[in-house]
Amino acid sequence: MALETNTMTKDPILKVEHLSMRFGGLMAINDFSFEAARGDITALIGPNGAGKTTVFNCITGFYKPTMGMITMKQRSGKEYLLERLPDFEITKTAKVARTFQNIRMFSGLTVLENLLVAQHNKLMQASGYTLLGLFGFPAYRQASGEAIDIARHWLEKASLIDRADDPAGDLPYGAQRRLEIARAMCTGPELLCLDEPAAGLNPRESLALNELLQEIRRDTGTSILLIEHDMSVVMEISDHVVVLEYGQKISDGNPDFVKNDPKVIAAYLGVEDEEVEEVIEQIEEIESEQGGTKQ
Amino acid sequence: MANVASTTASAGSELTARALREAVFAGLISLGLFILFVGLETTQNIRNELVLNQRWGLLATFVVIAMVGRFLMVAYVQPRLAQRKAAKAAAPDVVKEEGFFSRNFSAIAIVALILYPPVVLALTGVQGSLKWVDNFGIQILIYVMLAWGLNIVVGLAGLLDLGYVAFYAVGAYSYALLSSYFGLSFWVLLPVAGLLAACWGVVLGFPVLRLRGDYLAIVTLAFGEIIRLVLINWTEVTKGTFGVSGIAKATLFGIKFDATKTGFAALFGLPMSSAYYKIFLFYLILGLALLTAFVTIRLRRMPIGRAWEALREDEIACRSLGINTVTTKLTAFATGAMFGGFAGSFFAVRQGFVSPESFVFLESAVILAIVVLGGMGSLTGIAIAAAVMIGGTEILRELAFLKLVFGPNFTPELYRMLIFGLAMVVVMVWKPRGFVGSREPTAFLHKRKAVSGSFTKEGHG
């Protein structure tokens, strides 16, 4: 528990407080609070239907939460209440980018164009909201050159540079996942939200994904919030894990803590209620033994 | 050797026999089909009695056409197609170098269009050129421009608009009314008409922002009808179904095209003829259409144009990238509507008369059909489709010789929509993505490669 309080004192980039989301009679998320620290990779895990994607949709503005407050604090110290912003403003001004569980590519545009669309707001300003660009002012040409350079940078990172001029729909699945991450990075986010980035990837591809995410964090200082089922990804790269079950938080801490949390084990393995106590006892025994040997 | 020759000969005669057999079958089927439809005609005579006309000659023509068609199909067309397919499969996959013509198609087409009026004038004389410049040239170019304007909304942004003719009407009436009430000139009112149409585009855009697909199509259709009904019923201003007539003509730098001493003909020492005004109008609509194309090409390379195409591909992904889909959709509607408005005011100045009858739903459908046939998003494809569709229907008026085949009462113009529909079916079977199905990317790193139509989406609404 010591580590958990440690992360709490770190500078939080995203603070979710008492978030609740109700769909008719269904309480998808119930009084859910957590914090993501700046520069950390925070993982949100939980069994299917636990409400992880709903949390994501609330953070990125695709749903308006029934209750609760989501605060995004930027590097500059500016704070935004995400539940009050329209979805496109969350990416545009609050600098939170996201990817989707089922990949959403612009499949008829080329890979490069996908990354240019992501730089829309910057280019829009440079083109004088289209008017100056229409008459061929040089400012726009320069900005569009810079945008292509940024796109090239991310294509190299995502090892897609050879396929830059191919339609995005023509890429294999793993490459589309990487492209979606690269596209989100082109919006220049401070917080990157990834919804199951490793879903459908083979072990080698998910290893490459781990490297890409760590590189993103190291080079750009972007904080990452991810939903993932692939524990090899979660345990490998995340600094902080939050576990959600039936819309409620059941565990929160560093990966090792969560891995051994009996509630988490019970949630994943589906233990009978009576057995939970047993499991807890067993684990406590083991932990005390381990603690004893370490000391 | 002789053996091979005899086998091919026997194969040939076998094929002919089969073709003959199938031709007979086709003849029998068509006889069965047409005997009641064509062979017998029921009419009323002057005493209101039902009379049965027998048209065996016409029936025979139909059957013969079916038989000959089937024979040619089986004996010549099918073997040729099979041969070509085999040759294509056998030939190695070579990347075909584009010829000079296809590489410079747009430039050649523009030059040809600029040279068109003088060439026609030289070939057919002053009065003879009227038909070719006005009925073919101007008529086709109006539809090219309208379809290019609609292409921004449907082809790029993927918003299915069935009421595009409403903006055409707004443009036409803007010019007609403002010029007859306030006496303003065409050149002042052209941008005004465009702006008014763009405003109406935004007015239409707002309520339909949340609609997609079929629902959007229905509402835009209703919007088109509302505009038409307003034009019919607001009689104090629009004169209702009588329409606005006597609309002022356009001038060339203040030179009028009339019979006065300061008119165009007198000034250049030419005999007075309306042909010069038509040629002037031809260049005017050519300029307007090229402006539409230029702006579309430019906009596609701008962030707004890319956002339109991204919107067509996936709206939710757009929003996740910080694109304001509301303003993006509204600008698409407004830009498309603006070009519709320009075309409308040109229509008013060309006709000198506007009435609500020119702006029926069928016009919207024809414009949309041209966009779809041409290949959504492709300017070249759309221009070709407009030329084929509108030029084709005009050509029908020239086919008087068909009267020899189908009898003196045959009027080919009446079959316009039938042929239109047939052509659409044929094109959609042969090229489901339209004449030009591929998409030119707007930016590239290494090499510009056209994006195959199978990847692009039609949009959700």
# chains A, B, ... in the order shown; residues from 1 in each chain; ligands from 1
$ interface_residues --of "chain B" --to "chain A" --cutoff "7 Å" --atoms "only C-alpha atoms" --output "mmCIF file with C-alpha atoms, in the first residue's frame"
data_model
loop_
_atom_site.group_PDB
_atom_site.id
_atom_site.type_symbol
_atom_site.label_atom_id
_atom_site.label_comp_id
_atom_site.auth_asym_id
_atom_site.auth_seq_id
_atom_site.Cartn_x
_atom_site.Cartn_y
_atom_site.Cartn_z
ATOM 1 C CA ARG B 298 -7.410 23.269 -53.899
ATOM 2 C CA LEU B 299 -9.755 22.483 -51.018
ATOM 3 C CA MET B 302 -6.394 21.904 -47.442
ATOM 4 C CA PRO B 303 -7.097 20.618 -43.949
ATOM 5 C CA ILE B 304 -10.808 21.252 -44.497
ATOM 6 C CA ARG B 306 -9.055 16.269 -45.825
ATOM 7 C CA ALA B 307 -11.433 16.614 -42.902
ATOM 8 C CA ALA B 310 -12.086 11.789 -43.193
ATOM 9 C CA GLU B 313 -14.565 7.537 -43.877
ATOM 10 C CA ASP B 314 -15.269 7.652 -40.142
ATOM 11 C CA ALA B 317 -12.522 8.862 -35.496
ATOM 12 C CA ARG B 319 -14.118 13.633 -33.457
ATOM 13 C CA SER B 320 -11.459 11.717 -31.555
ATOM 14 C CA LEU B 321 -8.824 13.675 -33.496
ATOM 15 C CA GLY B 322 -10.204 17.018 -32.432
ATOM 16 C CA ILE B 323 -12.061 17.845 -35.627
ATOM 17 C CA ASN B 324 -15.202 19.877 -35.103
ATOM 18 C CA PRO B 441 -4.267 10.995 -52.602
ATOM 19 C CA ALA B 443 -0.241 14.192 -50.251
ATOM 20 C CA PHE B 444 2.522 11.641 -50.619
ATOM 21 C CA LEU B 445 5.947 10.810 -49.249
ATOM 22 C CA HIS B 446 7.520 8.612 -51.914
ATOM 23 C CA LYS B 447 5.138 8.075 -54.793
ATOM 24 C CA ARG B 448 1.615 9.159 -55.658
ATOM 25 C CA LYS B 449 -0.467 6.006 -55.901
ATOM 26 C CA VAL B 451 -6.285 4.586 -53.867
ATOM 27 C CA PHE B 455 -11.056 1.008 -49.752
ATOM 28 C CA THR B 456 -12.960 4.268 -49.854
ATOM 29 C CA LYS B 457 -16.305 4.475 -48.147
#
$ residues_around --residues "B:Leu195" --least-positions-apart "5" --cutoff "12 Å" --atoms "only C-alpha atoms" --output "compact mmCIF listing (two decimals) with N, CA and C atoms, in the first residue's frame"
# COMPACT_ATOMS: atom_id res chain seq x y z
N PHE B 167 -30.72 24.56 -53.91
CA PHE B 167 -29.72 25.63 -53.94
C PHE B 167 -29.62 26.23 -55.34
N VAL B 170 -32.44 28.54 -55.38
CA VAL B 170 -32.15 29.76 -54.62
C VAL B 170 -31.29 30.70 -55.47
N GLY B 171 -30.27 30.12 -56.13
CA GLY B 171 -29.40 30.94 -56.97
C GLY B 171 -30.17 31.57 -58.12
N SER B 174 -32.59 34.18 -56.80
CA SER B 174 -31.87 35.35 -56.28
C SER B 174 -31.59 36.30 -57.43
N TYR B 175 -31.04 35.75 -58.52
CA TYR B 175 -30.72 36.63 -59.64
C TYR B 175 -31.99 37.18 -60.27
N VAL B 188 -22.81 41.63 -60.30
CA VAL B 188 -22.98 41.92 -58.88
C VAL B 188 -23.73 40.78 -58.22
N LEU B 189 -24.73 40.28 -58.93
CA LEU B 189 -25.63 39.31 -58.31
C LEU B 189 -25.08 37.89 -58.32
N LEU B 190 -24.10 37.62 -59.14
CA LEU B 190 -23.53 36.26 -59.16
C LEU B 190 -22.98 35.88 -57.79
N TRP B 200 -28.39 29.27 -47.28
CA TRP B 200 -29.42 28.23 -47.22
C TRP B 200 -28.80 26.87 -47.00
N GLY B 201 -27.59 26.69 -47.49
CA GLY B 201 -26.88 25.44 -47.21
C GLY B 201 -26.68 25.26 -45.72
N VAL B 202 -26.29 26.35 -45.04
CA VAL B 202 -26.10 26.28 -43.59
C VAL B 202 -27.44 26.06 -42.91
N ALA B 334 -22.33 24.35 -47.16
CA ALA B 334 -22.31 25.72 -47.65
C ALA B 334 -21.52 25.82 -48.95
N THR B 335 -20.36 25.15 -49.02
CA THR B 335 -19.55 25.24 -50.23
C THR B 335 -20.26 24.62 -51.42
N GLY B 336 -20.83 23.44 -51.19
CA GLY B 336 -21.58 22.79 -52.26
C GLY B 336 -22.74 23.66 -52.72
N ALA B 337 -23.46 24.21 -51.75
CA ALA B 337 -24.63 25.04 -52.06
C ALA B 337 -24.21 26.29 -52.83
N MET B 338 -23.06 26.85 -52.46
CA MET B 338 -22.61 28.08 -53.13
C MET B 338 -22.44 27.84 -54.63
N PHE B 339 -21.82 26.71 -54.99
CA PHE B 339 -21.64 26.45 -56.42
C PHE B 339 -22.98 26.17 -57.09
N GLY B 340 -23.90 25.54 -56.34
CA GLY B 340 -25.25 25.38 -56.86
C GLY B 340 -25.89 26.73 -57.12
N GLY B 341 -25.64 27.69 -56.23
CA GLY B 341 -26.18 29.03 -56.39
C GLY B 341 -25.61 29.74 -57.60
N PHE B 342 -24.30 29.62 -57.80
CA PHE B 342 -23.67 30.20 -59.00
C PHE B 342 -24.33 29.63 -60.25
N GLY B 344 -27.18 28.31 -60.52
CA GLY B 344 -28.56 28.76 -60.60
C GLY B 344 -28.68 30.13 -61.22
N SER B 345 -27.82 31.06 -60.79
CA SER B 345 -27.94 32.40 -61.36
C SER B 345 -27.53 32.38 -62.83
$ residues_around --residues "stretch 238-242 of chain B" --least-positions-apart "5" --cutoff "10 Å" --atoms "only C-alpha atoms" --output "count of residues only"
14
$ select_by_dssp --residues "stretch 242-405 of chain B" --states "alpha helix (DSSP H)" --output "PyMOL selection string"
chain B and resi 264-267+274-300+303-313+315-320+325-351+361-374+379-396+402-405
$ residues_around --residues "A:Val55" --least-positions-apart "3" --cutoff "10 Å" --atoms "only C-alpha atoms" --output "list in words"
Val16, Leu19, Ser20, Met21, Ala28, Ile29, Phe32, Leu44, Ala50, Gly51, Lys52, Cys58, Ile59, Thr60, Gly61, Phe62, Tyr63, Pro65, Ile227, Leu244 and Gly247 of chain A
$ closest_residue --among "B:Leu33, B:Met428, B:Val144, B:Ala275" --to "B:Pro118" --atoms "only C-alpha atoms"
B:Ala275
$ closest_residue --among "A:Thr220, A:Gln101, A:Thr66, A:Gln74" --to "A:Gly200" --atoms "only C-alpha atoms"
A:Gln101
$ atom_distance --atom1 "atom CA of A:Ile70" --atom2 "atom CA of A:Lys259"
26.8 Å
$ closest_residue --among "A:Leu225, A:Leu82, A:Ile13, A:Ile286" --to "A:Asp195" --atoms "only C-alpha atoms"
A:Leu225
$ residues_around --residues "B:Gly377" --least-positions-apart "3" --cutoff "7 Å" --atoms "only C-alpha atoms" --output "ChimeraX atom specification"
/B:151,155-156
$ residues_around --residues "A:Val264" --least-positions-apart "2" --cutoff "9 Å" --atoms "only C-alpha atoms" --output "compact mmCIF listing (two decimals) with N, CA and C atoms, in the first residue's frame"
# COMPACT_ATOMS: atom_id res chain seq x y z
N GLY A 46 -9.82 -5.25 -16.01
CA GLY A 46 -11.04 -5.78 -15.42
C GLY A 46 -11.65 -6.79 -16.35
N VAL A 243 -8.06 -1.69 -11.16
CA VAL A 243 -8.91 -2.82 -11.55
C VAL A 243 -10.38 -2.46 -11.32
N LEU A 244 -11.16 -2.76 -12.34
CA LEU A 244 -12.57 -2.40 -12.32
C LEU A 244 -13.39 -3.68 -12.43
N GLU A 245 -14.41 -3.82 -11.58
CA GLU A 245 -15.34 -4.93 -11.75
C GLU A 245 -16.75 -4.44 -11.48
N ILE A 250 -11.95 -2.22 -7.63
CA ILE A 250 -11.69 -3.21 -6.59
C ILE A 250 -10.23 -3.23 -6.18
N SER A 251 -9.37 -2.61 -7.01
CA SER A 251 -7.97 -2.59 -6.61
C SER A 251 -7.25 -1.47 -7.34
N VAL A 258 -1.30 -5.43 -7.42
CA VAL A 258 -2.58 -5.82 -8.00
C VAL A 258 -2.61 -7.30 -8.35
N LYS A 259 -1.45 -7.77 -8.83
CA LYS A 259 -1.36 -9.17 -9.25
C LYS A 259 -1.68 -10.10 -8.10
N ASN A 260 -1.31 -9.67 -6.90
CA ASN A 260 -1.50 -10.54 -5.75
C ASN A 260 -2.71 -10.17 -4.91
N ASP A 261 -3.46 -9.19 -5.37
CA ASP A 261 -4.64 -8.78 -4.61
C ASP A 261 -5.70 -9.87 -4.72
N PRO A 262 -6.10 -10.45 -3.60
CA PRO A 262 -7.07 -11.56 -3.66
C PRO A 262 -8.37 -11.17 -4.33
N ALA A 266 -9.93 -13.15 -7.34
CA ALA A 266 -11.30 -13.65 -7.27
C ALA A 266 -12.11 -13.16 -8.46
N ALA A 267 -11.92 -11.88 -8.81
CA ALA A 267 -12.69 -11.32 -9.92
C ALA A 267 -12.36 -12.02 -11.22
N TYR A 268 -11.08 -12.30 -11.43
CA TYR A 268 -10.67 -12.90 -12.70
C TYR A 268 -10.98 -14.38 -12.75
N LEU A 269 -10.77 -15.06 -11.62
CA LEU A 269 -10.95 -16.51 -11.65
C LEU A 269 -12.37 -16.90 -11.31
$ closest_residue --among "B:Tyr277, B:Ala107, B:Thr442, B:Val427" --to "B:Phe264" --atoms "only C-alpha atoms"
B:Tyr277
$ residues_around --residues "stretch 404-416 of chain B" --least-positions-apart "5" --cutoff "6 Å" --atoms "only C-alpha atoms" --output "list in words"
Thr393, Leu396 and Arg397 of chain B
